[in-house]
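**Student:** Contents are JSON, C-alpha atoms; file name start.json:
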```json
[["chain", "number", "residue", "atom", "x", "y", "z"],
["A", 576, "MET", "CA", 129.88, 144.58, 18.17],
["A", 577, "LYS", "CA", 129.98, 147.29, 15.56],
["A", 578, "GLY", "CA", 128.68, 147.20, 12.01],
["A", 579, "ARG", "CA", 130.14, 144.91, 9.44],
["A", 580, "ASP", "CA", 131.64, 146.01, 6.14],
["A", 581, "PRO", "CA", 131.81, 142.80, 4.09],
["A", 582, "ARG", "CA", 134.41, 144.25, 1.73],
["A", 583, "SER", "CA", 136.89, 145.18, 4.43],
["A", 584, "MET", "CA", 136.18, 141.96, 6.33],
["A", 585, "VAL", "CA", 137.23, 139.93, 3.32],
["A", 586, "ASP", "CA", 140.39, 141.94, 2.86],
["A", 587, "ILE", "CA", 141.29, 141.75, 6.55],
["A", 588, "LYS", "CA", 140.82, 138.01, 6.41],
["A", 589, "GLU", "CA", 143.26, 137.88, 3.50],
["A", 590, "VAL", "CA", 145.86, 139.78, 5.51],
["A", 591, "VAL", "CA", 145.27, 137.58, 8.56],
["A", 592, "VAL", "CA", 145.65, 134.37, 6.57],
["A", 593, "GLU", "CA", 148.79, 135.55, 4.84],
["A", 594, "ARG", "CA", 150.54, 137.40, 7.68],
["A", 595, "LEU", "CA", 149.08, 136.11, 10.96],
["A", 596, "GLY", "CA", 147.88, 132.66, 10.02],
["A", 597, "GLY", "CA", 150.32, 130.43, 11.87],
["A", 598, "PRO", "CA", 151.46, 127.84, 12.51],
["A", 599, "PHE", "CA", 151.68, 128.31, 16.27],
["A", 600, "GLN", "CA", 152.51, 126.20, 19.27],
["A", 601, "CYS", "CA", 149.68, 125.13, 21.55],
["A", 602, "TYR", "CA", 149.77, 127.24, 24.73],
["A", 603, "GLY", "CA", 149.01, 125.83, 28.16],
["A", 604, "HIS", "CA", 147.86, 122.39, 27.03],
["A", 605, "CYS", "CA", 150.40, 120.44, 24.94],
["A", 606, "LYS", "CA", 153.48, 120.93, 22.79],
["A", 607, "GLU", "CA", 151.71, 120.19, 19.52],
["A", 608, "GLU", "CA", 151.52, 122.57, 16.62],
["A", 609, "ALA", "CA", 148.34, 124.63, 16.59],
["A", 610, "SER", "CA", 146.60, 126.19, 13.62],
["A", 611, "LEU", "CA", 144.28, 129.12, 13.04],
["A", 612, "LYS", "CA", 140.66, 128.26, 12.32],
["A", 613, "PHE", "CA", 137.99, 130.85, 11.71],
["A", 614, "VAL", "CA", 134.90, 130.74, 13.89],
["A", 615, "ASP", "CA", 131.41, 131.78, 12.92],
["A", 616, "SER", "CA", 130.91, 134.60, 15.41],
["A", 617, "GLY", "CA", 127.95, 136.07, 13.60],
["A", 618, "VAL", "CA", 129.49, 139.52, 13.24],
["A", 619, "ARG", "CA", 133.22, 139.96, 13.67],
["A", 620, "LEU", "CA", 135.97, 137.91, 12.11],
["A", 621, "VAL", "CA", 137.18, 135.64, 14.93],
["A", 622, "GLY", "CA", 140.03, 133.18, 14.73],
["A", 623, "ALA", "CA", 140.76, 130.31, 17.10],
["A", 624, "VAL", "CA", 144.23, 128.89, 17.63],
["A", 625, "VAL", "CA", 143.55, 125.18, 17.99],
["A", 626, "CYS", "CA", 145.82, 122.18, 18.56],
["A", 627, "PRO", "CA", 145.10, 118.70, 17.12],
["A", 628, "SER", "CA", 143.24, 117.80, 20.34],
["A", 629, "GLY", "CA", 140.91, 120.73, 19.79],
["A", 630, "TYR", "CA", 142.14, 122.80, 22.74],
["A", 631, "VAL", "CA", 141.75, 126.51, 22.05],
["A", 632, "SER", "CA", 144.90, 128.38, 23.08],
["A", 633, "ARG", "CA", 143.61, 131.73, 21.98],
["A", 634, "LEU", "CA", 140.65, 133.49, 20.40],
["A", 635, "VAL", "CA", 141.42, 136.56, 18.31],
["A", 636, "GLY", "CA", 138.93, 139.11, 17.03],
["A", 637, "TYR", "CA", 140.03, 140.98, 13.90],
["A", 638, "GLY", "CA", 138.61, 144.17, 12.47],
["A", 639, "PRO", "CA", 139.46, 147.65, 11.23],
["A", 640, "GLN", "CA", 139.91, 148.49, 14.93],
["A", 641, "ALA", "CA", 140.36, 146.25, 17.95],
["A", 642, "ASP", "CA", 137.02, 145.47, 19.59],
["A", 643, "PRO", "CA", 137.79, 144.09, 23.07],
["A", 644, "GLU", "CA", 134.18, 144.38, 24.27],
["A", 645, "GLY", "CA", 132.97, 142.44, 21.25],
["A", 646, "LEU", "CA", 135.49, 139.66, 21.78],
["A", 647, "LEU", "CA", 134.73, 139.46, 25.50],
["A", 648, "SER", "CA", 131.04, 139.16, 24.72],
["A", 649, "PHE", "CA", 131.77, 136.41, 22.20],
["A", 650, "VAL", "CA", 134.02, 134.46, 24.59],
["A", 651, "MET", "CA", 131.40, 134.74, 27.34],
["A", 652, "SER", "CA", 128.73, 133.46, 24.98],
["A", 653, "GLN", "CA", 130.86, 130.42, 24.13],
["A", 654, "THR", "CA", 131.94, 129.55, 27.65],
["A", 655, "THR", "CA", 128.53, 130.15, 29.27],
["A", 656, "GLY", "CA", 129.93, 130.99, 32.69],
["A", 657, "ALA", "CA", 132.13, 127.90, 32.96],
["A", 658, "LEU", "CA", 135.37, 129.91, 32.76],
["A", 659, "PRO", "CA", 136.35, 132.93, 34.86],
["A", 660, "LEU", "CA", 136.34, 135.93, 32.53],
["A", 661, "THR", "CA", 136.75, 139.65, 33.01],
["A", 662, "ALA", "CA", 137.41, 142.58, 30.71],
["A", 663, "SER", "CA", 141.06, 142.57, 31.80],
["A", 664, "ASP", "CA", 141.50, 139.15, 30.16],
["A", 665, "ILE", "CA", 141.21, 140.78, 26.74],
["A", 666, "ARG", "CA", 144.26, 142.52, 25.29],
["A", 667, "VAL", "CA", 144.54, 144.55, 22.13],
["A", 668, "ALA", "CA", 147.01, 145.31, 19.35],
["A", 669, "THR", "CA", 147.07, 147.51, 16.28],
["A", 670, "ARG", "CA", 148.81, 146.26, 13.16],
["A", 671, "TYR", "CA", 150.27, 148.67, 10.65],
["A", 672, "SER", "CA", 151.43, 148.11, 7.11],
["A", 673, "THR", "CA", 154.96, 148.90, 8.31],
["A", 674, "ASP", "CA", 155.22, 146.11, 10.87],
["A", 675, "LEU", "CA", 153.20, 143.69, 8.77],
["A", 676, "GLY", "CA", 155.77, 144.24, 6.03],
["A", 677, "ILE", "CA", 153.44, 145.37, 3.29],
["A", 678, "GLY", "CA", 155.13, 148.71, 2.71],
["A", 679, "GLY", "CA", 154.35, 152.31, 3.59],
["A", 680, "SER", "CA", 152.46, 153.21, 6.72],
["A", 681, "GLY", "CA", 148.97, 153.29, 8.15],
["A", 682, "ARG", "CA", 146.72, 151.10, 10.25],
["A", 683, "VAL", "CA", 145.69, 147.85, 8.62],
["A", 684, "LEU", "CA", 143.73, 146.09, 11.36],
["A", 685, "GLY", "CA", 143.17, 145.74, 15.07],
["A", 686, "GLU", "CA", 143.33, 142.55, 17.08],
["A", 687, "ALA", "CA", 141.68, 141.67, 20.37],
["A", 688, "TYR", "CA", 143.13, 138.60, 22.08],
["A", 689, "TRP", "CA", 141.78, 136.25, 24.68],
["A", 690, "THR", "CA", 144.38, 133.68, 25.76],
["A", 691, "GLN", "CA", 143.03, 130.68, 27.62],
["A", 692, "ASN", "CA", 144.41, 129.92, 31.08],
["A", 693, "TYR", "CA", 146.61, 133.01, 31.14],
["A", 694, "GLY", "CA", 147.31, 135.73, 33.66],
["A", 695, "LYS", "CA", 145.21, 136.00, 36.82],
["A", 696, "ALA", "CA", 142.87, 133.25, 35.62],
["A", 697, "LYS", "CA", 145.71, 130.74, 35.25],
["A", 698, "SER", "CA", 145.03, 127.36, 36.85],
["A", 699, "GLN", "CA", 147.20, 124.26, 37.16],
["A", 700, "ASP", "CA", 144.18, 122.02, 37.68],
["A", 701, "PRO", "CA", 144.23, 119.43, 34.86],
["A", 702, "ASN", "CA", 140.45, 119.17, 35.13],
["A", 703, "ARG", "CA", 139.81, 122.89, 34.84],
["A", 704, "PRO", "CA", 136.94, 123.71, 32.47],
["A", 705, "SER", "CA", 138.47, 124.64, 29.13],
["A", 706, "LEU", "CA", 137.35, 125.74, 25.72],
["A", 707, "PHE", "CA", 137.75, 123.28, 22.85],
["A", 708, "MET", "CA", 136.76, 123.23, 19.20],
["A", 709, "CYS", "CA", 134.91, 120.15, 18.01],
["A", 710, "SER", "CA", 136.97, 118.31, 15.40],
["A", 711, "ASN", "CA", 133.78, 117.23, 13.65],
["A", 712, "CYS", "CA", 131.45, 120.24, 13.51],
["A", 713, "GLY", "CA", 133.82, 123.08, 14.42],
["A", 714, "LYS", "CA", 131.67, 124.35, 17.29],
["A", 715, "LEU", "CA", 133.29, 125.64, 20.46],
["A", 716, "PHE", "CA", 132.46, 123.78, 23.65],
["A", 717, "VAL", "CA", 133.68, 123.42, 27.23],
["A", 718, "GLN", "CA", 135.11, 120.26, 28.76],
["A", 719, "PRO", "CA", 137.90, 119.43, 31.24],
["A", 720, "ALA", "CA", 141.36, 120.38, 29.94],
["A", 721, "SER", "CA", 142.56, 116.80, 30.46],
["A", 722, "SER", "CA", 139.80, 115.29, 28.30],
["A", 723, "SER", "CA", 141.02, 113.07, 25.48],
["A", 724, "SER", "CA", 137.94, 113.69, 23.34],
["A", 725, "SER", "CA", 137.89, 116.30, 20.61],
["A", 726, "LEU", "CA", 134.15, 115.93, 19.95],
["A", 727, "CYS", "CA", 131.41, 118.12, 21.37],
["A", 728, "GLY", "CA", 128.33, 116.69, 23.03],
["A", 729, "GLY", "CA", 126.32, 116.94, 19.85],
["A", 730, "CYS", "CA", 128.83, 114.92, 17.84],
["A", 731, "SER", "CA", 129.50, 112.38, 20.59],
["A", 732, "PRO", "CA", 126.03, 111.57, 22.00],
["A", 733, "GLU", "CA", 127.36, 109.37, 24.80],
["A", 734, "ARG", "CA", 129.12, 112.44, 26.19],
["A", 735, "ALA", "CA", 126.18, 114.79, 25.81],
["A", 736, "SER", "CA", 125.10, 114.42, 29.42],
["A", 737, "MET", "CA", 128.61, 114.68, 30.89],
["A", 738, "PRO", "CA", 128.59, 117.64, 33.28],
["A", 739, "VAL", "CA", 131.41, 120.17, 33.38],
["A", 740, "GLU", "CA", 131.94, 121.43, 36.88],
["A", 741, "SER", "CA", 132.88, 125.03, 37.42],
["A", 742, "GLU", "CA", 135.53, 125.82, 40.01],
["B", 211, "MET", "CA", 160.08, 127.03, 10.20],
["B", 212, "TYR", "CA", 157.38, 129.36, 8.96],
["B", 213, "VAL", "CA", 158.34, 131.32, 5.86],
["B", 214, "PHE", "CA", 156.63, 134.66, 5.63],
["B", 215, "PRO", "CA", 155.29, 135.57, 2.21],
["B", 216, "ALA", "CA", 156.98, 138.28, 0.20],
["B", 217, "SER", "CA", 155.91, 141.87, 0.67],
["B", 218, "ARG", "CA", 152.91, 142.99, -1.36],
["B", 219, "LYS", "CA", 150.22, 145.62, -1.44],
["B", 220, "TYR", "CA", 146.64, 145.07, -0.28],
["B", 221, "ARG", "CA", 143.40, 146.77, -1.03],
["B", 222, "TRP", "CA", 141.78, 147.42, 2.31],
["B", 223, "ALA", "CA", 138.53, 149.23, 3.01],
["B", 224, "GLY", "CA", 138.47, 150.49, -0.54],
["B", 225, "ARG", "CA", 141.96, 151.91, -0.70],
["B", 226, "VAL", "CA", 145.34, 150.57, -1.56],
["B", 227, "ILE", "CA", 147.64, 150.46, 1.42],
["B", 228, "GLY", "CA", 151.36, 150.12, 1.22],
["B", 229, "LEU", "CA", 152.08, 153.63, -0.01],
["B", 230, "SER", "CA", 154.66, 155.64, 1.89],
["B", 231, "GLU", "CA", 153.64, 158.73, 3.82],
["B", 232, "PRO", "CA", 155.87, 161.81, 4.24],
["B", 233, "LYS", "CA", 158.28, 161.38, 7.11],
["B", 234, "GLU", "CA", 158.79, 163.95, 9.87],
["B", 235, "LYS", "CA", 162.18, 164.37, 11.49],
["B", 236, "LEU", "CA", 162.57, 161.68, 14.11],
["B", 237, "LYS", "CA", 163.57, 162.88, 17.59],
["B", 238, "ALA", "CA", 163.64, 159.65, 19.65],
["B", 239, "ILE", "CA", 162.55, 156.04, 19.79],
["B", 240, "HIS", "CA", 160.68, 154.88, 22.91],
["B", 241, "VAL", "CA", 160.38, 151.21, 23.87],
["B", 242, "VAL", "CA", 158.09, 149.89, 26.60],
["B", 243, "TYR", "CA", 159.36, 146.48, 27.65],
["B", 244, "ALA", "CA", 160.17, 143.97, 30.38],
["B", 245, "THR", "CA", 163.46, 142.13, 30.81],
["B", 246, "TRP", "CA", 161.69, 138.76, 31.24],
["B", 247, "CYS", "CA", 159.73, 139.03, 28.00],
["B", 248, "PRO", "CA", 161.27, 137.19, 25.01],
["B", 249, "HIS", "CA", 159.33, 139.41, 22.61],
["B", 250, "CYS", "CA", 161.15, 142.36, 24.23],
["B", 251, "VAL", "CA", 164.68, 141.23, 25.08],
["B", 252, "PRO", "CA", 166.53, 140.87, 22.84],
["B", 253, "THR", "CA", 163.94, 140.66, 20.04],
["B", 254, "THR", "CA", 162.81, 144.29, 20.08],
["B", 255, "VAL", "CA", 165.07, 146.23, 22.41],
["B", 256, "GLU", "CA", 168.38, 145.45, 20.69],
["B", 257, "PRO", "CA", 167.26, 146.21, 17.12],
["B", 258, "MET", "CA", 165.60, 149.44, 18.27],
["B", 259, "LYS", "CA", 168.75, 150.55, 20.10],
["B", 260, "LYS", "CA", 170.73, 149.84, 16.92],
["B", 261, "LEU", "CA", 168.19, 151.64, 14.73],
["B", 262, "ALA", "CA", 168.23, 154.68, 17.02],
["B", 263, "SER", "CA", 172.02, 154.71, 16.90],
["B", 264, "ASP", "CA", 172.01, 154.47, 13.10],
["B", 265, "LEU", "CA", 169.52, 157.31, 12.91],
["B", 266, "GLY", "CA", 171.41, 159.42, 15.44],
["B", 267, "VAL", "CA", 168.57, 159.68, 17.93],
["B", 268, "PRO", "CA", 168.23, 158.47, 21.53],
["B", 269, "CYS", "CA", 166.47, 155.23, 22.39],
["B", 270, "GLU", "CA", 164.44, 155.68, 25.57],
["B", 271, "LEU", "CA", 163.74, 152.42, 27.39],
["B", 272, "TYR", "CA", 160.88, 151.93, 29.86],
["B", 273, "ASP", "CA", 161.17, 148.74, 31.90],
["B", 274, "ILE", "CA", 157.68, 148.19, 33.30],
["B", 275, "ASP", "CA", 159.15, 146.55, 36.41],
["B", 276, "THR", "CA", 160.94, 149.73, 37.46],
["B", 277, "GLU", "CA", 159.98, 153.26, 38.41],
["B", 278, "ARG", "CA", 159.68, 153.98, 34.69],
["B", 279, "MET", "CA", 156.42, 152.05, 34.66],
["B", 280, "ALA", "CA", 154.41, 155.23, 35.19],
["B", 281, "ARG", "CA", 155.84, 156.81, 32.05],
["B", 282, "ALA", "CA", 155.39, 153.51, 30.18],
["B", 283, "ASP", "CA", 151.72, 153.43, 31.17],
["B", 284, "GLU", "CA", 151.32, 157.04, 30.10],
["B", 285, "LEU", "CA", 152.81, 156.38, 26.66],
["B", 286, "VAL", "CA", 150.71, 153.28, 26.10],
["B", 287, "LYS", "CA", 147.53, 154.98, 27.34],
["B", 288, "LYS", "CA", 148.03, 158.10, 25.21],
["B", 289, "TYR", "CA", 149.43, 156.65, 22.02],
["B", 290, "GLY", "CA", 149.45, 152.85, 22.10],
["B", 291, "ASP", "CA", 147.37, 149.75, 22.61],
["B", 292, "TRP", "CA", 146.10, 150.12, 26.16],
["B", 293, "SER", "CA", 144.39, 147.47, 28.22],
["B", 294, "ASP", "CA", 144.71, 146.65, 31.93],
["B", 295, "ASP", "CA", 147.32, 144.01, 31.21],
["B", 296, "TYR", "CA", 148.66, 145.56, 28.02],
["B", 297, "ILE", "CA", 150.86, 143.70, 25.59],
["B", 298, "ILE", "CA", 154.58, 144.38, 25.55],
["B", 299, "PRO", "CA", 156.73, 145.42, 23.83],
["B", 300, "GLN", "CA", 155.29, 148.62, 22.45],
["B", 301, "VAL", "CA", 157.42, 150.96, 20.35],
["B", 302, "PHE", "CA", 156.80, 154.65, 19.73],
["B", 303, "PHE", "CA", 158.54, 157.16, 17.49],
["B", 304, "GLU", "CA", 158.71, 160.74, 18.76],
["B", 305, "TYR", "CA", 159.05, 163.45, 16.15],
["B", 306, "ALA", "CA", 160.66, 166.88, 16.30],
["B", 307, "GLY", "CA", 157.25, 168.56, 16.24],
["B", 308, "GLY", "CA", 156.34, 166.82, 19.49],
["B", 309, "SER", "CA", 154.04, 164.20, 18.01],
["B", 310, "PHE", "CA", 154.27, 160.51, 18.85],
["B", 311, "ARG", "CA", 153.53, 157.61, 16.57],
["B", 312, "HIS", "CA", 152.77, 154.12, 17.79],
["B", 313, "MET", "CA", 154.85, 151.73, 15.69],
["B", 314, "LEU", "CA", 154.56, 148.28, 17.21],
["B", 315, "THR", "CA", 152.81, 146.08, 19.72],
["B", 316, "GLY", "CA", 154.24, 142.63, 20.34],
["B", 317, "TYR", "CA", 152.56, 139.77, 18.51],
["B", 318, "SER", "CA", 150.75, 137.29, 20.74],
["B", 319, "GLU", "CA", 150.95, 134.97, 17.74],
["B", 320, "GLY", "CA", 154.55, 134.27, 18.73],
["B", 321, "VAL", "CA", 158.06, 135.66, 19.09],
["B", 322, "ALA", "CA", 158.80, 134.89, 15.42],
["B", 323, "TYR", "CA", 156.01, 137.28, 14.44],
["B", 324, "THR", "CA", 157.32, 140.04, 16.70],
["B", 325, "ARG", "CA", 160.84, 139.48, 15.36],
["B", 326, "ARG", "CA", 159.63, 139.75, 11.79],
["B", 327, "ALA", "CA", 157.67, 142.91, 12.58],
["B", 328, "VAL", "CA", 160.73, 144.52, 14.15],
["B", 329, "GLU", "CA", 162.79, 143.59, 11.09],
["B", 330, "ASN", "CA", 160.16, 145.14, 8.83],
["B", 331, "ILE", "CA", 160.24, 148.40, 10.79],
["B", 332, "VAL", "CA", 164.03, 148.50, 10.86],
["B", 333, "ASN", "CA", 164.23, 147.80, 7.11],
["B", 334, "GLU", "CA", 161.73, 150.58, 6.46],
["B", 335, "MET", "CA", 163.46, 153.14, 8.69],
["B", 336, "ARG", "CA", 167.13, 152.30, 8.46],
["B", 337, "PRO", "CA", 169.24, 154.88, 6.61],
["B", 338, "ARG", "CA", 170.75, 153.62, 3.38],
["B", 339, "GLY", "CA", 174.16, 152.09, 3.87],
["B", 340, "ALA", "CA", 173.68, 151.46, 7.63]]
```
Can you present the structure in this file as structure tokens?
**Tutor:**
Amino acid sequence: MKGRDPRSMVDIKEVVVERLGGPFQCYGHCKEEASLKFVDSGVRLVGAVVCPSGYVSRLVGYGPQADPEGLLSFVMSQTTGALPLTASDIRVATRYSTDLGIGGSGRVLGEAYWTQNYGKAKSQDPNRPSLFMCSNCGKLFVQPASSSSSLCGGCSPERASMPVESE
Amino acid sequence: MYVFPASRKYRWAGRVIGLSEPKEKLKAIHVVYATWCPHCVPTTVEPMKKLASDLGVPCELYDIDTERMARADELVKKYGDWSDDYIIPQVFFEYAGGSFRHMLTGYSEGVAYTRRAVENIVNEMRPRGA
């Protein structure tokens, strides 16, 4: 990922919260309302669209320009090979002040999207490995899509040894 | 129902955005879309056809499921938000001088976001009284 400008990151976050901050509907998991939660990616501003069960419908990387390689790298680091991922799973969009409705013209930010269980990777298997956000510590983790737990292994010790099988 | 906040100006990367730039003479509006996409039809295509009519310019439509896909890909690759499975709709303004300006990519956040973005563009571009 490219260098970080703390000043612009803060301002982009403000725009994201105000203009792109949800609510949303959970995609591919349930019909519940999902919300945007920011993830500590280390570098880029990354948002996760998460339903009350913790299922991650989408991860979005925000920055002055879309950074699809950076988001792909982040998603791969979080899913540790459990989910099928390729560069073509990341899509990009540029947002301008005109379409964001803040007057005038000019690029405001770029978005890179990864939508879970979408496109060629789409699976109907209820036990497919899926990315969740822990409702206790906020970490991303992989478990079967049908799981009723919203806690990661670290926050639910009895589940720590539960294996997640890759397809 | 999500209520979008009122329009305002932001300071971004050290400069204030939200200031109008000079406008060239518009020659045409180009819309890359698919008929099955709710962000496209009617959300984007119909307002853009109306805007083009109000502005007295043609609205060129590129259905990605037809032979126009090649031109759609070319527009998106040259001027828009390209990826292998690129997001639709994408809207481009063509100016009399031959330049193109990418105006919109559909919002994966939801159809309501795309609808609002289209409304913002139309409100910005629509001639007074139309």
**Student:** Kindly provide, as a JSON list (two decimals) with C-alpha atoms, keeping the file's coordinate frame, the polymer residues lying within 12 Å of (130.7, 134.2, 27.8), counting all atoms listed in the file and using the coordinates exactly as they appear in the file.
**Tutor:**
```
[["chain", "number", "residue", "atom", "x", "y", "z"],
["A", 644, "GLU", "CA", 134.18, 144.38, 24.27],
["A", 645, "GLY", "CA", 132.97, 142.44, 21.25],
["A", 646, "LEU", "CA", 135.49, 139.66, 21.78],
["A", 647, "LEU", "CA", 134.73, 139.46, 25.50],
["A", 648, "SER", "CA", 131.04, 139.16, 24.72],
["A", 649, "PHE", "CA", 131.77, 136.41, 22.20],
["A", 650, "VAL", "CA", 134.02, 134.46, 24.59],
["A", 651, "MET", "CA", 131.40, 134.74, 27.34],
["A", 652, "SER", "CA", 128.73, 133.46, 24.98],
["A", 653, "GLN", "CA", 130.86, 130.42, 24.13],
["A", 654, "THR", "CA", 131.94, 129.55, 27.65],
["A", 655, "THR", "CA", 128.53, 130.15, 29.27],
["A", 656, "GLY", "CA", 129.93, 130.99, 32.69],
["A", 657, "ALA", "CA", 132.13, 127.90, 32.96],
["A", 658, "LEU", "CA", 135.37, 129.91, 32.76],
["A", 659, "PRO", "CA", 136.35, 132.93, 34.86],
["A", 660, "LEU", "CA", 136.34, 135.93, 32.53],
["A", 661, "THR", "CA", 136.75, 139.65, 33.01],
["A", 662, "ALA", "CA", 137.41, 142.58, 30.71],
["A", 689, "TRP", "CA", 141.78, 136.25, 24.68],
["A", 706, "LEU", "CA", 137.35, 125.74, 25.72],
["A", 715, "LEU", "CA", 133.29, 125.64, 20.46],
["A", 716, "PHE", "CA", 132.46, 123.78, 23.65],
["A", 717, "VAL", "CA", 133.68, 123.42, 27.23]]
```
**Student:** So, with only C-alpha atoms as the atoms that count, which of B:Tyr305, B:Thr245, B:Gly290, B:Gln300 lies closest to Ala327 (chain B)?
**Tutor:**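 Using only C-alpha atoms, Ala327 (chain B) sits closest to B:Gln300.
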**Student:** Which of these residues is nearest to chain B, using all atoms listed in the file: A:Pro639, A:Pro704, A:Gly629, A:Gly728?
**Tutor:**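 When distances to chain B are compared using all atoms listed in the file, the smallest one comes from A:Pro639.
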**Student:** List as a list in words the protein and nucleic acid residues near Pro299 (chain B), meaning an atom at most 7 Å away when only C-alpha atoms are counted, but skip any in the same chain fewer than 6 places from it.
**Tutor:**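 Returned residues: Val241, Val242, Tyr243, His249, Cys250, Thr315 and Gly316 of chain B.
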**Student:** May I ask which of the residues A:Glu686, A:Asp586, A:Asp615, A:Asp700 is the closest one to chain B, counting all atoms listed in the file?
**Tutor:** A:Asp586
**Student:** Dump as number ranges by chain the residues of chain A that approach chain B to within 8 Å, counting all atoms listed in the file.
**Tutor:** A: 582-583, 586-587, 590, 593-595, 597-599, 663-681, 683, 688
**Student:** One decimal, in Å: what's the spacing between CA of Ala262 (chain B) and CA of Leu684 (chain A)?
**Tutor:** 26.6 Å
**Student:** So the first atom is CA of Asp642 (chain A) and the second is CA of Val621 (chain A); what is the distance between them in Å, to one decimal place?
**Tutor:** 10.9 Å
**Student:** Quick one: distance from CA of Gly729 (chain A) to CA of Val631 (chain A) in Å, one decimal?
**Tutor:**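 Interatomic distance, CA of Gly729 (chain A) to CA of Val631 (chain A): 18.3 Å.
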**Student:** Once 4 Å is added on each side, what are the centre and the three edge lengths, in Å to one decimal, of the axis-aligned box enclosing the listed atoms of region 636-642 of chain A? Present them as AutoDock Vina command-line options.
**Tutor:**
```
--center_x 138.7 --center_y 143.8 --center_z 15.4 --size_x 11.3 --size_y 17.4 --size_z 16.4
```
**Student:** Quick one: everything within 8 Å of Glu270 (chain B), counting all atoms listed in the file, minus sequence neighbours fewer than 4 positions away in the same chain. Send it as a ChimeraX atom specification.
**Tutor:** /B:238-241
**Student:** Here is a test: counting all atoms listed in the file, which residue of B:Val286, B:Ile274, B:Ala280, B:Leu265 is nearest to Leu236 (chain B)?
**Tutor:**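 Looking at the shortest contact to Leu236 (chain B), the residue is B:Leu265.
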**Student:** Between B:Lys260, B:Ala244, B:Val255, B:Ala306, which has the minimum distance to Asp275 (chain B) (counting only C-alpha atoms)?
**Tutor:**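 Nearest to Asp275 (chain B): B:Ala244.
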**Student:** Would you mind listing what lies within 7 Å of Arg619 (chain A) as a tab-separated table (two decimals) with C-alpha atoms, in the coordinates of the input, with only C-alpha atoms counted and same-chain residues fewer than 6 positions away left out?
**Tutor:**
```tsv
chain	number	residue	atom	x	y	z
A	636	GLY	CA	138.93	139.11	17.03
A	637	TYR	CA	140.03	140.98	13.90
A	638	GLY	CA	138.61	144.17	12.47
```
